[in-house]
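Engineer: Before I ask anything, let me first share the structure, which is written out below as structure tokens.
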Amino acid sequence: MTQALIVIDVQNDFCPGGALAVPEGDLIVPGINALMTEFPVVILTQDWHPAGHSSFASEHPGKAPMEMTEMPYGPQVLWPDHCVQGSIGAQFHPDLTVDRADLILRKGFNRAIDSYSAFFENDRTTPTGLEGYLRTRGITRLTMVGLATDFCVNYSAVDAAKLGFDVTVRQDLCRAIDFGGSLAAAQAGMAEAGVTLA
Ligand code: VGL
Ligand code: ZN
């Protein structure tokens, strides 16, 4: 039974000073680096949007960041422009140990569909390929850390649990955006899906 550590979106734009800064997002970096040494497999995810991505409020006249819109696939939060492909903001936090990663999985590159989860885009059907990668390597247990607890960590953890993986989220090594009760809702949703909240 092989275990993997999945480090979600520890990128400059999600850290203080970034375009979509998560409070204390940078504080988890040393602990994540330390935890990497305990896992045989480390996977990093990277939010990786083309300029003009449909999740950016700037693409929706009259809309401001953190407002909702209706996409063909359902309701979608509109975000400030962030993690644009090739930008400094899309790079990993400079102190994150990236050399330990076997795989760097990019997501959100489809202009028309956002992708919070490392497994499926926000239409909930388009796969990223991560499930196949994990299964073909015989990986059954996942520990997740990173940013943000209530969006990309939450969606990734719930999808993984629904796919049958044994999932633990280390909340001490995550930080949340937490607006409109999103953190409490995410915690309830993860628990309901069978995710272990540690
Ligand atoms: C994320 C909002 C938009 C995340 C990514 O990594 O949690 N949140 N894109
Ligand atoms: Zn994004």
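Lettering and numbering for the structure tokens are positional, with chains as A, B, ... in the shown order, residues counted from 1 in each chain, and ligands counted from 1 in the shown order.
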Within 8 Å of ligand 2, which residues show up when you count only C-alpha atoms and all ligand atoms? List them as a list in words, please.

Structural biologist: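 Written in the requested form, the residues are Asp47, Trp48, His49, Ser55, Trp79, His82, Cys83, Gly108, Asp114, Ser115 and Tyr116 of chain A.
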
Engineer: Report as number ranges by chain all protein, DNA and RNA residues lying within 8 Å of A:Gln46, evaluated on only C-alpha atoms, omitting residues in the same chain fewer than 3 positions from it.

Structural biologist: A: 8-11, 90, 92, 104-107

Engineer: What's the 12 Å shell around A:Arg137, counting only C-alpha atoms, without same-chain residues fewer than 5 positions away, as a list in words?

Structural biologist: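 Contacts, in chain order: Met1, Thr2, Gln3, Ala4, Pro40, Val41, Asp102, Leu103, Leu130, Glu131 and Gly132 of chain A.
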
Engineer: Could you take the residues named above and write them with N, CA and C atoms, as a PDB file, in the first residue's frame?

Structural biologist:
```pdb
ATOM      1  N   MET A   1       0.855  -1.195   0.000  1.00  0.00           N
ATOM      2  CA  MET A   1       0.000   0.000   0.000  1.00  0.00           C
ATOM      3  C   MET A   1       0.891   1.246   0.000  1.00  0.00           C
ATOM      4  N   THR A   2       0.861   1.955  -1.079  1.00  0.00           N
ATOM      5  CA  THR A   2       1.757   3.106  -1.206  1.00  0.00           C
ATOM      6  C   THR A   2       1.021   4.394  -0.886  1.00  0.00           C
ATOM      7  N   GLN A   3       1.725   5.244  -0.183  1.00  0.00           N
ATOM      8  CA  GLN A   3       1.165   6.526   0.224  1.00  0.00           C
ATOM      9  C   GLN A   3       1.767   7.661  -0.575  1.00  0.00           C
ATOM     10  N   ALA A   4       0.965   8.676  -0.844  1.00  0.00           N
ATOM     11  CA  ALA A   4       1.491   9.883  -1.481  1.00  0.00           C
ATOM     12  C   ALA A   4       1.081  11.111  -0.689  1.00  0.00           C
ATOM     13  N   PRO A  40       6.976   8.347   0.495  1.00  0.00           N
ATOM     14  CA  PRO A  40       7.712   7.797  -0.643  1.00  0.00           C
ATOM     15  C   PRO A  40       7.385   8.502  -1.958  1.00  0.00           C
ATOM     16  N   VAL A  41       6.201   9.092  -2.024  1.00  0.00           N
ATOM     17  CA  VAL A  41       5.781   9.784  -3.251  1.00  0.00           C
ATOM     18  C   VAL A  41       5.270  11.171  -2.878  1.00  0.00           C
ATOM     19  N   ASP A 102       7.646  13.848  -7.552  1.00  0.00           N
ATOM     20  CA  ASP A 102       7.658  12.931  -8.688  1.00  0.00           C
ATOM     21  C   ASP A 102       6.832  13.496  -9.833  1.00  0.00           C
ATOM     22  N   LEU A 103       5.775  14.211  -9.470  1.00  0.00           N
ATOM     23  CA  LEU A 103       4.835  14.725 -10.474  1.00  0.00           C
ATOM     24  C   LEU A 103       4.415  16.137 -10.094  1.00  0.00           C
ATOM     25  N   LEU A 130      -5.056  12.530 -12.899  1.00  0.00           N
ATOM     26  CA  LEU A 130      -4.376  12.155 -11.650  1.00  0.00           C
ATOM     27  C   LEU A 130      -4.834  10.798 -11.120  1.00  0.00           C
ATOM     28  N   GLU A 131      -6.122  10.491 -11.279  1.00  0.00           N
ATOM     29  CA  GLU A 131      -6.603   9.193 -10.781  1.00  0.00           C
ATOM     30  C   GLU A 131      -5.837   8.051 -11.442  1.00  0.00           C
ATOM     31  N   GLY A 132      -5.683   8.122 -12.749  1.00  0.00           N
ATOM     32  CA  GLY A 132      -4.957   7.071 -13.465  1.00  0.00           C
ATOM     33  C   GLY A 132      -3.510   6.988 -13.038  1.00  0.00           C
TER      34      GLY A 132
END
```

Engineer: For atom CA of A:Asn110 and atom CA of A:Asn12, quote the distance in Å rounded to one decimal.

Structural biologist: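 Straight-line distance from atom CA of A:Asn110 to atom CA of A:Asn12 works out to 20.7 Å.
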
Engineer: Using only C-alpha atoms, which of A:Asp81, A:Asp95, A:Glu121, A:Asp150 sits nearest A:Ile32?

Structural biologist: A:Asp95

Engineer: Give me the residues within 9 Å of A:Tyr73 as a PyMOL selection string, counting only C-alpha atoms and dropping any in the same chain fewer than 6 places off.

Structural biologist: chain A and resi 113+122-124

Engineer: Could you please take those selected residues and save all heavy atoms as a PDB file, in the first residue's frame?

Structural biologist:
```pdb
ATOM      1  N   ILE A 113     -13.333  26.342 -18.280  1.00  0.00           N
ATOM      2  CA  ILE A 113     -13.735  25.578 -17.083  1.00  0.00           C
ATOM      3  C   ILE A 113     -12.689  25.758 -15.989  1.00  0.00           C
ATOM      4  O   ILE A 113     -11.503  25.498 -16.210  1.00  0.00           O
ATOM      5  CB  ILE A 113     -13.865  24.053 -17.370  1.00  0.00           C
ATOM      6  CG1 ILE A 113     -14.646  23.796 -18.656  1.00  0.00           C
ATOM      7  CG2 ILE A 113     -14.518  23.357 -16.185  1.00  0.00           C
ATOM      8  CD1 ILE A 113     -14.767  22.308 -19.008  1.00  0.00           C
ATOM      9  N   ASN A 122     -14.162  21.792 -12.907  1.00  0.00           N
ATOM     10  CA  ASN A 122     -15.380  22.200 -12.206  1.00  0.00           C
ATOM     11  C   ASN A 122     -16.673  21.782 -12.898  1.00  0.00           C
ATOM     12  O   ASN A 122     -17.749  21.931 -12.320  1.00  0.00           O
ATOM     13  CB  ASN A 122     -15.378  23.712 -11.945  1.00  0.00           C
ATOM     14  CG  ASN A 122     -14.466  24.093 -10.790  1.00  0.00           C
ATOM     15  OD1 ASN A 122     -13.691  23.264 -10.311  1.00  0.00           O
ATOM     16  ND2 ASN A 122     -14.545  25.329 -10.336  1.00  0.00           N
ATOM     17  N   ASP A 123     -16.585  21.240 -14.125  1.00  0.00           N
ATOM     18  CA  ASP A 123     -17.783  20.620 -14.707  1.00  0.00           C
ATOM     19  C   ASP A 123     -18.054  19.276 -14.035  1.00  0.00           C
ATOM     20  O   ASP A 123     -19.065  18.642 -14.273  1.00  0.00           O
ATOM     21  CB  ASP A 123     -17.650  20.450 -16.233  1.00  0.00           C
ATOM     22  CG  ASP A 123     -16.474  19.563 -16.645  1.00  0.00           C
ATOM     23  OD1 ASP A 123     -15.769  19.012 -15.761  1.00  0.00           O
ATOM     24  OD2 ASP A 123     -16.254  19.417 -17.861  1.00  0.00           O
ATOM     25  N   ARG A 124     -17.106  18.854 -13.150  1.00  0.00           N
ATOM     26  CA  ARG A 124     -17.172  17.625 -12.356  1.00  0.00           C
ATOM     27  C   ARG A 124     -17.066  16.366 -13.215  1.00  0.00           C
ATOM     28  O   ARG A 124     -17.308  15.264 -12.708  1.00  0.00           O
ATOM     29  CB  ARG A 124     -18.473  17.555 -11.505  1.00  0.00           C
ATOM     30  CG  ARG A 124     -18.866  18.811 -10.761  1.00  0.00           C
ATOM     31  CD  ARG A 124     -17.760  19.457  -9.944  1.00  0.00           C
ATOM     32  NE  ARG A 124     -17.221  18.629  -8.892  1.00  0.00           N
ATOM     33  CZ  ARG A 124     -15.911  18.455  -8.665  1.00  0.00           C
ATOM     34  NH1 ARG A 124     -15.015  19.046  -9.427  1.00  0.00           N
ATOM     35  NH2 ARG A 124     -15.503  17.711  -7.688  1.00  0.00           N
TER      36      ARG A 124
END
```

Engineer: Go ahead and compute the interatomic distance for atom CA of A:Val7 and atom CA of A:Leu197, in Å to one decimal.

Structural biologist: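 Computed distance, atom CA of A:Val7 to atom CA of A:Leu197, equals 15.5 Å.
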
Engineer: Would you please work out which residue, of A:Val145, A:Ile177, A:Ala112, A:Leu134, is nearest to ligand 1 when using only C-alpha atoms and all ligand atoms?

Structural biologist: A:Ile177

Engineer: When you draw a straight line from atom CA of A:Leu5 to atom CA of A:Ala101, how long is it in Å?

Structural biologist: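 Value for the atom CA of A:Leu5-atom CA of A:Ala101 distance: 9.4 Å.
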
Engineer: Give me, as a list of chain:residue names, all polymer residues having an atom no more than 6 Å from A:Pro80, counting only C-alpha atoms and skipping those fewer than 6 positions away in the same chain.

Structural biologist: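 Result of the neighbour search: A:Phe56, A:Ala57, A:Pro65.
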
Engineer: Run DSSP on the backbone of this structure and report the residues of chain A it assigns to alpha helix (DSSP H), as a ChimeraX atom specification.

Structural biologist: /A:29-36,130-136,154-162,182-192

Engineer: Select, from A:Gly89, A:Gly129, A:Gly164, A:Gly180, the residue with the minimum atom-to-atom distance to A:Gly17, counting only C-alpha atoms.

Structural biologist: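 Smallest separation from A:Gly17 among the options: A:Gly89.
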
Engineer: With a distance cut-off of 8 Å and only C-alpha atoms, select the neighbouring residues of A:Gly52, excluding the residue or stretch itself and same-chain residues fewer than 6 positions from it, and output the selection as a list in words.

Structural biologist: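 Within the cut-off, the hits are Ser58, Glu59 and Arg111 of chain A.
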
Engineer: Any chance you could export the current selection's N, CA, C and O atoms as a PDB file, in the first residue's frame?

Structural biologist:
```pdb
ATOM      1  N   SER A  58     -12.428  39.820 -14.096  1.00  0.00           N
ATOM      2  CA  SER A  58     -12.097  40.784 -15.147  1.00  0.00           C
ATOM      3  C   SER A  58     -12.672  40.399 -16.517  1.00  0.00           C
ATOM      4  O   SER A  58     -12.767  41.237 -17.410  1.00  0.00           O
ATOM      5  N   GLU A  59     -13.080  39.147 -16.663  1.00  0.00           N
ATOM      6  CA  GLU A  59     -13.684  38.675 -17.917  1.00  0.00           C
ATOM      7  C   GLU A  59     -15.204  38.850 -17.927  1.00  0.00           C
ATOM      8  O   GLU A  59     -15.859  38.493 -18.911  1.00  0.00           O
ATOM      9  N   ARG A 111      -9.580  27.207 -20.643  1.00  0.00           N
ATOM     10  CA  ARG A 111     -10.063  28.573 -20.464  1.00  0.00           C
ATOM     11  C   ARG A 111     -11.526  28.627 -20.005  1.00  0.00           C
ATOM     12  O   ARG A 111     -11.917  29.510 -19.244  1.00  0.00           O
TER      13      ARG A 111
END
```

Engineer: Nearest residue to A:Ala188 out of A:Ser87, A:Gln171, A:Asn154, A:Thr126, using only C-alpha atoms?

Structural biologist: A:Asn154

Engineer: Got a sec to tell me which of chain A DSSP assigns to strand (DSSP E or B), as a ChimeraX atom specification?

Structural biologist: /A:2-8,11,41-47,49,56,68-71,74-77,79,84,92,103-107,120,127,139-147,166-175,196-197
